[in-house]
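Structure first, then comments.
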Amino acid sequence: MKYSILAWGVALSATIAAPTVGHAAASVTYVGVAYGSSNNWSGPVQVKTPAGTQNGDLMLAYIATQTTNGAWLTAPSGWTQVTKTFNAIQGAQLFWRIAHNEPASYSWSGASYGAAIIKAYRNVDATAPIGRTAGCGSDYATSCQIPAFAETAVAGERYVGFWDFNLVSAPISGPGDLGNVSRDLTQRSMFTGDKLLSASGNTNVAAQTAKVSGAPNYWDAIGVTIKPAATSVASSPPVTQSPPPSSPPASMPSSGSGVVAVSANDFLNSLGICIASPANGSPNATYAPLIKYIGVRNVSGGSLEGGGSAANSIELAQLTNTKILWALDSGFSGSSVASNISAAKALATAGALLAVAGANEPDNWTLNYQGQVGGGSYSWLPVAKLQADLYAAVKADSVLKNYPVFHISHNGAETDNVGLQYLTIPNGSGLSMPDGTKYADYANMHNYVIWEGAPTPVDNIAWNVAAPTGKVAPAQNPLVDDYGTTWKHNYAGSNDAQLQTLPRVTTETGWVSSNGGEDNQAKVLLNVYLSQYKRGYKYTFLYQLRDNEGGFNNTFGIVRPDYSYKPAAVYIHNLTTILNDNKAVGIAPGSLNYSIASEPATVHDLLMQKSTGAFELVVWDERPVGEATDKVNVNLGGTHGTVNLYDPTVGVTPAQTLSNVSSVPLTLSDHPIIIEVVN
């Protein structure tokens, strides 16, 4: 840090070097361990912070509980779940956090006869400390083996194993190559140990087996690798600061100039997630904690076609404080317009309804309406009649008339020109459906940012897919394909000027983690939410919550098949937590006179404001993970007393807090940074 100081009111300046990142500086080292337990069926379990823990240390919390399916524990604020494992009668979960002004202890609720271990480690990568994980759960055995796995290790990386056995009378004997070993026999038999990995690069981490002498019983175990801290590459540009003024505090920019903000609450209200129907494996008790964790406000999954019911959707909405998108869904045939109206009315009466949507992808799922098959390679006239009748029924109902109707999806695949490329068929169209036929209030898109078998990620893929006009490869089904000139038979629809203002939503978009990895999926999905909103989409639903749902094996989920969070779930949780606000901004949002000179084509920005008055300026770059970086300087248009910088891929607390600054330099790559201007 260096200062250039002039006297008597002449502006002072300061340069603060930004943190640096690079190669491993030191091995991950063990700090300490602490245990806790509860002999109560309903918990909670309390465990002390390990002695010697310092700010910046990694804490791993292994919580074992006497319930099936690894009960959904409620973690203290700031802890992130890594994974979980379970057997027939008990389960265990692993959490992590970076230490910062730690309390004396932590308490986990929802732990039945719980037992807990917290271990602390130093010299960790604070932004992404967790490498690979593996686990085991044995129903009735004398041993439990954590499976081997392949790891792209770096020098200084450490492996940590945790085991618990359901009998306190049987001490666990752990693997002989683990050090920093400790045991506890208070509530159940617990064991933990660790070791440095011997090589960097592609490393096979051997299976680790723990055992007991005597009678068999139930086990759980989790192994995890920890990444070391990094240092030493070129730092970001310095932060230009102005010193505190000698008299009045630094002034805010004029509310009458600059960029007008949008409400942070409005942005949060746009976020949604798709779930499978109850008939396909999404019971509310299982899904509610996942949805609450990520913090989205809308859920798509309400339908009579998938074995669902209004009562089930109302229960989920009440458990998660979300709104439900009620849809005709795929292959409409078993229900009727009237039964769907009845279900939607029940949701609306309960305060749980977001909107009503038409049939899902009739090109892939033919439907039957009034005795006629429609969609696919058949005539789409039955599809058009169903959508028109649904819209008319919603608008004729006294309870539903003010709720929006979303169009069908994949309407660009219509075989015959029945006008489904319009919200309302214009006069003089000469189509098989009458002029003035009203289909929807919002265009409904499945503009996937990536899909199975797609090319590798490219620059600006989320931004381009959200474009109201045009099509940039490898974008799949942007707005123009369904509502401009239809993609299958080139039927004319709206022109470019009309597409710019067309009301629109996305009820499915997503990215498979099998293409580019889980971290890449996570960062792209953050960019998807932001790009969609910035480019005019009222709502955006990610497909989907959990892998392998929707009737086929896939990795679209932000949660793994074992219900553990992928990075996408964690990053979305962090984004919604940082921006959390539950009411609109007064009469109208204010403005901030910011600018980004020579903004690269892959860099985008969105200014929001909380009801507290704080501005949240989100700046994101859309390059594939690891491709390149872009350096920008964000001019804040004046001096501001407190500016916080957040990185949702790191956590929910400020990565840096600046005082009396007028500009902030950023080095961006593949995800958003949030500049919070407090005053």
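Please note that chains go A, B, ... in the order of the structure tokens, that every chain numbers its residues from 1, and that ligands are numbered from 1 in the order shown.
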
Practice task
Tell me, as a ChimeraX atom specification, which residues lie within 6 Å of stretch 506-508 of chain A, counting only C-alpha atoms; anything in the same chain fewer than 2 positions away does not count.
Solution key: /A:444-446,540-543

Handout entry: Near-A:His604 list (10 Å; only C-alpha atoms; drop same-chain fewer than 5 positions) as a list in words
Key = Asn460, Trp463, Asn527, Leu530, Ser531, Lys534, Ile596, Glu599, Val618, Val619, Trp620, Asp621, Glu622 and Pro672 of chain A

Exercise for the section: Name all residues at most 8 Å from A:Asp496 (count only C-alpha atoms; drop same-chain ones fewer than 6 positions away) and give them as a PyMOL selection string. Expected result: chain A and resi 468-469+484

Exercise for the section: Would you mind writing down, as a PyMOL selection string, each residue of stretch 497-571 of chain A that DSSP on the backbone assigns to strand (DSSP E or B)? Expected result: chain A and resi 504-509+537-542+546+559+565

Handout entry: 7 Å contact set for stretch 24-40 of chain A, only C-alpha atoms, chain neighbours under 5 positions out, as an NGL selection string
Key = :A and (45-53 or 112-124 or 155-158 or 186-187 or 228-231)

Could those residues be written to a file, using N, CA and C atoms, as a CSV table (one decimal), in the first residue's frame?
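So the final result, stored in part-v1.csv, reads:
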chain,number,residue,atom,x,y,z
A,45,VAL,N,-27.2,-30.9,17.8
A,45,VAL,CA,-25.9,-31.3,18.1
A,45,VAL,C,-25.0,-30.0,18.1
A,46,GLN,N,-24.3,-29.8,19.2
A,46,GLN,CA,-23.4,-28.7,19.3
A,46,GLN,C,-21.9,-29.1,19.3
A,47,VAL,N,-21.1,-28.4,18.6
A,47,VAL,CA,-19.6,-28.7,18.6
A,47,VAL,C,-18.8,-27.4,18.7
A,48,LYS,N,-17.7,-27.5,19.4
A,48,LYS,CA,-16.9,-26.3,19.6
A,48,LYS,C,-16.1,-26.0,18.3
A,49,THR,N,-15.7,-24.8,18.1
A,49,THR,CA,-14.7,-24.4,17.1
A,49,THR,C,-13.3,-25.0,17.6
A,50,PRO,N,-12.6,-25.7,16.8
A,50,PRO,CA,-11.3,-26.2,17.2
A,50,PRO,C,-10.4,-25.2,17.7
A,51,ALA,N,-9.7,-25.5,18.8
A,51,ALA,CA,-8.7,-24.6,19.4
A,51,ALA,C,-7.6,-24.2,18.4
A,52,GLY,N,-7.2,-23.0,18.3
A,52,GLY,CA,-6.2,-22.5,17.4
A,52,GLY,C,-6.7,-22.1,16.1
A,53,THR,N,-8.0,-22.2,15.8
A,53,THR,CA,-8.5,-21.8,14.5
A,53,THR,C,-8.4,-20.3,14.3
A,112,SER,N,-30.7,-36.2,14.8
A,112,SER,CA,-31.2,-37.1,15.8
A,112,SER,C,-30.1,-38.0,16.4
A,113,TYR,N,-30.0,-37.9,17.7
A,113,TYR,CA,-28.8,-38.6,18.4
A,113,TYR,C,-27.5,-38.3,17.6
A,114,GLY,N,-27.3,-37.0,17.4
A,114,GLY,CA,-26.3,-36.5,16.5
A,114,GLY,C,-24.9,-36.6,17.1
A,115,ALA,N,-23.9,-36.8,16.3
A,115,ALA,CA,-22.5,-36.7,16.7
A,115,ALA,C,-21.8,-35.9,15.6
A,116,ALA,N,-20.8,-35.1,16.0
A,116,ALA,CA,-20.2,-34.1,15.1
A,116,ALA,C,-18.7,-34.0,15.3
A,117,ILE,N,-18.0,-33.8,14.2
A,117,ILE,CA,-16.6,-33.5,14.2
A,117,ILE,C,-16.4,-32.2,13.4
A,118,ILE,N,-15.6,-31.3,14.0
A,118,ILE,CA,-15.1,-30.2,13.2
A,118,ILE,C,-13.6,-30.2,13.2
A,119,LYS,N,-13.0,-30.2,12.0
A,119,LYS,CA,-11.5,-30.2,11.9
A,119,LYS,C,-11.1,-28.9,11.2
A,120,ALA,N,-10.0,-28.3,11.6
A,120,ALA,CA,-9.6,-27.1,11.0
A,120,ALA,C,-8.2,-27.3,10.3
A,121,TYR,N,-8.1,-26.6,9.1
A,121,TYR,CA,-6.8,-26.7,8.3
A,121,TYR,C,-6.4,-25.4,7.8
A,122,ARG,N,-5.1,-25.2,7.7
A,122,ARG,CA,-4.5,-23.9,7.3
A,122,ARG,C,-3.8,-24.0,5.9
A,123,ASN,N,-3.6,-22.9,5.3
A,123,ASN,CA,-2.9,-22.8,4.0
A,123,ASN,C,-3.8,-23.4,2.9
A,124,VAL,N,-5.1,-23.1,3.0
A,124,VAL,CA,-6.1,-23.7,2.0
A,124,VAL,C,-6.4,-22.6,0.9
A,155,ALA,N,0.5,-30.0,-5.7
A,155,ALA,CA,1.4,-30.1,-4.6
A,155,ALA,C,0.9,-29.5,-3.3
A,156,GLY,N,0.9,-30.2,-2.2
A,156,GLY,CA,0.4,-29.7,-0.9
A,156,GLY,C,-1.0,-30.0,-0.6
A,157,GLU,N,-1.7,-30.8,-1.5
A,157,GLU,CA,-3.1,-31.1,-1.3
A,157,GLU,C,-3.2,-32.2,-0.2
A,158,ARG,N,-4.3,-32.2,0.6
A,158,ARG,CA,-4.4,-33.1,1.7
A,158,ARG,C,-5.7,-33.9,1.6
A,186,THR,N,-18.5,-40.9,22.5
A,186,THR,CA,-19.5,-40.3,23.3
A,186,THR,C,-20.9,-40.8,23.0
A,187,GLN,N,-21.3,-40.6,21.7
A,187,GLN,CA,-22.6,-40.9,21.2
A,187,GLN,C,-22.6,-42.1,20.3
A,228,PRO,N,-4.6,-26.6,-1.6
A,228,PRO,CA,-3.8,-25.6,-0.9
A,228,PRO,C,-4.0,-24.2,-1.4
A,229,ALA,N,-3.5,-23.2,-0.6
A,229,ALA,CA,-3.6,-21.8,-1.0
A,229,ALA,C,-2.7,-21.6,-2.2
A,230,ALA,N,-2.9,-20.6,-3.0
A,230,ALA,CA,-2.1,-20.2,-4.1
A,230,ALA,C,-1.6,-18.8,-4.0
A,231,THR,N,-0.5,-18.6,-4.7
A,231,THR,CA,0.1,-17.2,-4.7
A,231,THR,C,0.9,-17.0,-6.0

Exercise for the section: One decimal, Å: what's the distance from atom CA of A:Trp380 over to atom CA of A:Val418, could you say? Expected result: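 Atom CA of A:Trp380 sits 6.9 Å away from atom CA of A:Val418.
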
How close does each residue of stretch 160-211 of chain A get to stretch 74-88 of chain A, giving the shortest atom pair and distance in Å to one decimal for every residue with an atom at most 12 Å away, counting only C-alpha atoms, sorted by chain and residue number, as CSV?
residue,atom,partner,partner_atom,distance
A:Phe162,CA,A:Thr85,CA,11.4
A:Trp163,CA,A:Thr85,CA,10.9
A:Asp164,CA,A:Phe86,CA,11.0
A:Phe165,CA,A:Asn87,CA,11.3
A:Asn166,CA,A:Asn87,CA,11.2

Handout entry: A:Val524 surroundings by only C-alpha atoms, 9 Å radius, close-in-sequence under 2 positions cut, as a list in words
Key =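 The filter keeps Val449, Ile461, Ala462, Gly510, Trp511, Asp519, Asn520, Gln521, Ala522, Leu526, Asn527, Val528, Tyr529, Ala568, Glu622, Pro624, Val625, Asp670 and His671 of chain A.
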
Keeping only N, CA and C atoms, write the selected residues to a file as a short mmCIF file (atom, residue, chain, number, x, y, z; two decimals), in the first residue's frame.
data_model
loop_
_atom_site.label_atom_id
_atom_site.label_comp_id
_atom_site.auth_asym_id
_atom_site.auth_seq_id
_atom_site.Cartn_x
_atom_site.Cartn_y
_atom_site.Cartn_z
N VAL A 449 -29.04 -22.91 -23.09
CA VAL A 449 -27.71 -22.37 -23.29
C VAL A 449 -26.73 -23.47 -23.68
N ILE A 461 -22.11 -17.17 -24.57
CA ILE A 461 -23.18 -18.10 -24.95
C ILE A 461 -24.48 -17.78 -24.23
N ALA A 462 -24.44 -17.40 -22.95
CA ALA A 462 -25.66 -17.05 -22.23
C ALA A 462 -26.25 -15.75 -22.77
N GLY A 510 -30.70 -24.53 -19.48
CA GLY A 510 -29.76 -25.19 -18.58
C GLY A 510 -28.46 -25.55 -19.24
N TRP A 511 -27.60 -26.16 -18.46
CA TRP A 511 -26.25 -26.53 -18.89
C TRP A 511 -25.89 -27.83 -18.20
N ASP A 519 -17.96 -26.92 -12.15
CA ASP A 519 -17.67 -25.51 -11.88
C ASP A 519 -18.06 -24.66 -13.07
N ASN A 520 -17.80 -25.15 -14.27
CA ASN A 520 -18.19 -24.44 -15.48
C ASN A 520 -19.71 -24.29 -15.55
N GLN A 521 -20.43 -25.38 -15.27
CA GLN A 521 -21.90 -25.31 -15.25
C GLN A 521 -22.37 -24.24 -14.28
N ALA A 522 -21.77 -24.21 -13.11
CA ALA A 522 -22.20 -23.28 -12.07
C ALA A 522 -22.03 -21.83 -12.50
N LEU A 526 -25.03 -18.82 -13.42
CA LEU A 526 -25.11 -17.47 -12.86
C LEU A 526 -25.27 -16.45 -13.98
N ASN A 527 -24.45 -16.62 -15.04
CA ASN A 527 -24.53 -15.69 -16.18
C ASN A 527 -25.88 -15.79 -16.89
N VAL A 528 -26.46 -16.99 -16.93
CA VAL A 528 -27.77 -17.16 -17.57
C VAL A 528 -28.83 -16.33 -16.85
N TYR A 529 -28.92 -16.47 -15.53
CA TYR A 529 -29.91 -15.69 -14.79
C TYR A 529 -29.76 -14.19 -15.06
N ALA A 568 -23.10 -25.32 -8.68
CA ALA A 568 -24.17 -24.44 -9.17
C ALA A 568 -25.15 -24.09 -8.06
N GLU A 622 -18.35 -13.28 -19.80
CA GLU A 622 -18.85 -14.54 -20.34
C GLU A 622 -17.81 -15.19 -21.23
N PRO A 624 -15.56 -18.87 -21.44
CA PRO A 624 -15.51 -20.21 -20.85
C PRO A 624 -14.45 -20.28 -19.77
N VAL A 625 -14.67 -21.16 -18.80
CA VAL A 625 -13.74 -21.30 -17.68
C VAL A 625 -12.34 -21.57 -18.20
N ASP A 670 -15.14 -15.39 -16.00
CA ASP A 670 -16.22 -16.30 -16.38
C ASP A 670 -17.42 -16.24 -15.45
N HIS A 671 -17.50 -15.25 -14.58
CA HIS A 671 -18.60 -15.19 -13.62
C HIS A 671 -18.76 -13.77 -13.09
#

Practice task
Just the helix (DSSP H, G or I) stuff from stretch 427-624 of chain A, please, per backbone DSSP, written as number ranges by chain.
Solution key: A: 461-465, 479-483, 496-501, 518-534, 567-578

Problem - Residues within 10 Å of stretch 341-353 of chain A, only C-alpha atoms, excluding chain neighbours under 2 positions, as number ranges by chain - result: A: 298-299, 302-304, 309-318, 321-327, 336-339, 355-356, 390, 393-394, 397-400, 403

May I have the residues within 8 Å of A:Glu616 as a PDB file with N, CA and C atoms, in the first residue's frame, using only C-alpha atoms and disregarding those fewer than 3 positions away in the same chain?
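Result went into result.pdb, see below:
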ATOM      1  N   ALA A 264     -33.607  -4.861  -6.829  1.00  0.00           N
ATOM      2  CA  ALA A 264     -33.021  -6.184  -6.561  1.00  0.00           C
ATOM      3  C   ALA A 264     -34.116  -7.201  -6.295  1.00  0.00           C
ATOM      4  N   LEU A 579     -27.802 -10.679  -2.661  1.00  0.00           N
ATOM      5  CA  LEU A 579     -28.773  -9.706  -3.171  1.00  0.00           C
ATOM      6  C   LEU A 579     -30.085  -9.711  -2.392  1.00  0.00           C
ATOM      7  N   LEU A 607     -27.328  -2.881 -12.984  1.00  0.00           N
ATOM      8  CA  LEU A 607     -27.412  -2.100 -11.753  1.00  0.00           C
ATOM      9  C   LEU A 607     -28.733  -2.375 -11.051  1.00  0.00           C
ATOM     10  N   MET A 608     -28.638  -2.800  -9.798  1.00  0.00           N
ATOM     11  CA  MET A 608     -29.810  -3.024  -8.959  1.00  0.00           C
ATOM     12  C   MET A 608     -29.720  -2.156  -7.709  1.00  0.00           C
ATOM     13  N   GLN A 609     -30.852  -2.016  -7.046  1.00  0.00           N
ATOM     14  CA  GLN A 609     -30.884  -1.280  -5.790  1.00  0.00           C
ATOM     15  C   GLN A 609     -31.766  -2.021  -4.801  1.00  0.00           C
ATOM     16  N   LYS A 610     -31.291  -2.126  -3.568  1.00  0.00           N
ATOM     17  CA  LYS A 610     -32.072  -2.735  -2.503  1.00  0.00           C
ATOM     18  C   LYS A 610     -32.993  -1.706  -1.865  1.00  0.00           C
ATOM     19  N   ILE A 674     -19.951  -8.571  -7.710  1.00  0.00           N
ATOM     20  CA  ILE A 674     -20.965  -7.610  -7.278  1.00  0.00           C
ATOM     21  C   ILE A 674     -20.279  -6.472  -6.536  1.00  0.00           C
ATOM     22  N   ILE A 675     -20.476  -5.257  -7.039  1.00  0.00           N
ATOM     23  CA  ILE A 675     -19.961  -4.048  -6.390  1.00  0.00           C
ATOM     24  C   ILE A 675     -21.121  -3.418  -5.630  1.00  0.00           C
ATOM     25  N   GLU A 676     -21.037  -3.452  -4.329  1.00  0.00           N
ATOM     26  CA  GLU A 676     -22.105  -2.886  -3.492  1.00  0.00           C
ATOM     27  C   GLU A 676     -21.699  -1.495  -3.029  1.00  0.00           C
ATOM     28  N   VAL A 677     -22.460  -0.496  -3.456  1.00  0.00           N
ATOM     29  CA  VAL A 677     -22.209   0.892  -3.068  1.00  0.00           C
ATOM     30  C   VAL A 677     -23.172   1.226  -1.939  1.00  0.00           C
TER      31      VAL A 677
END
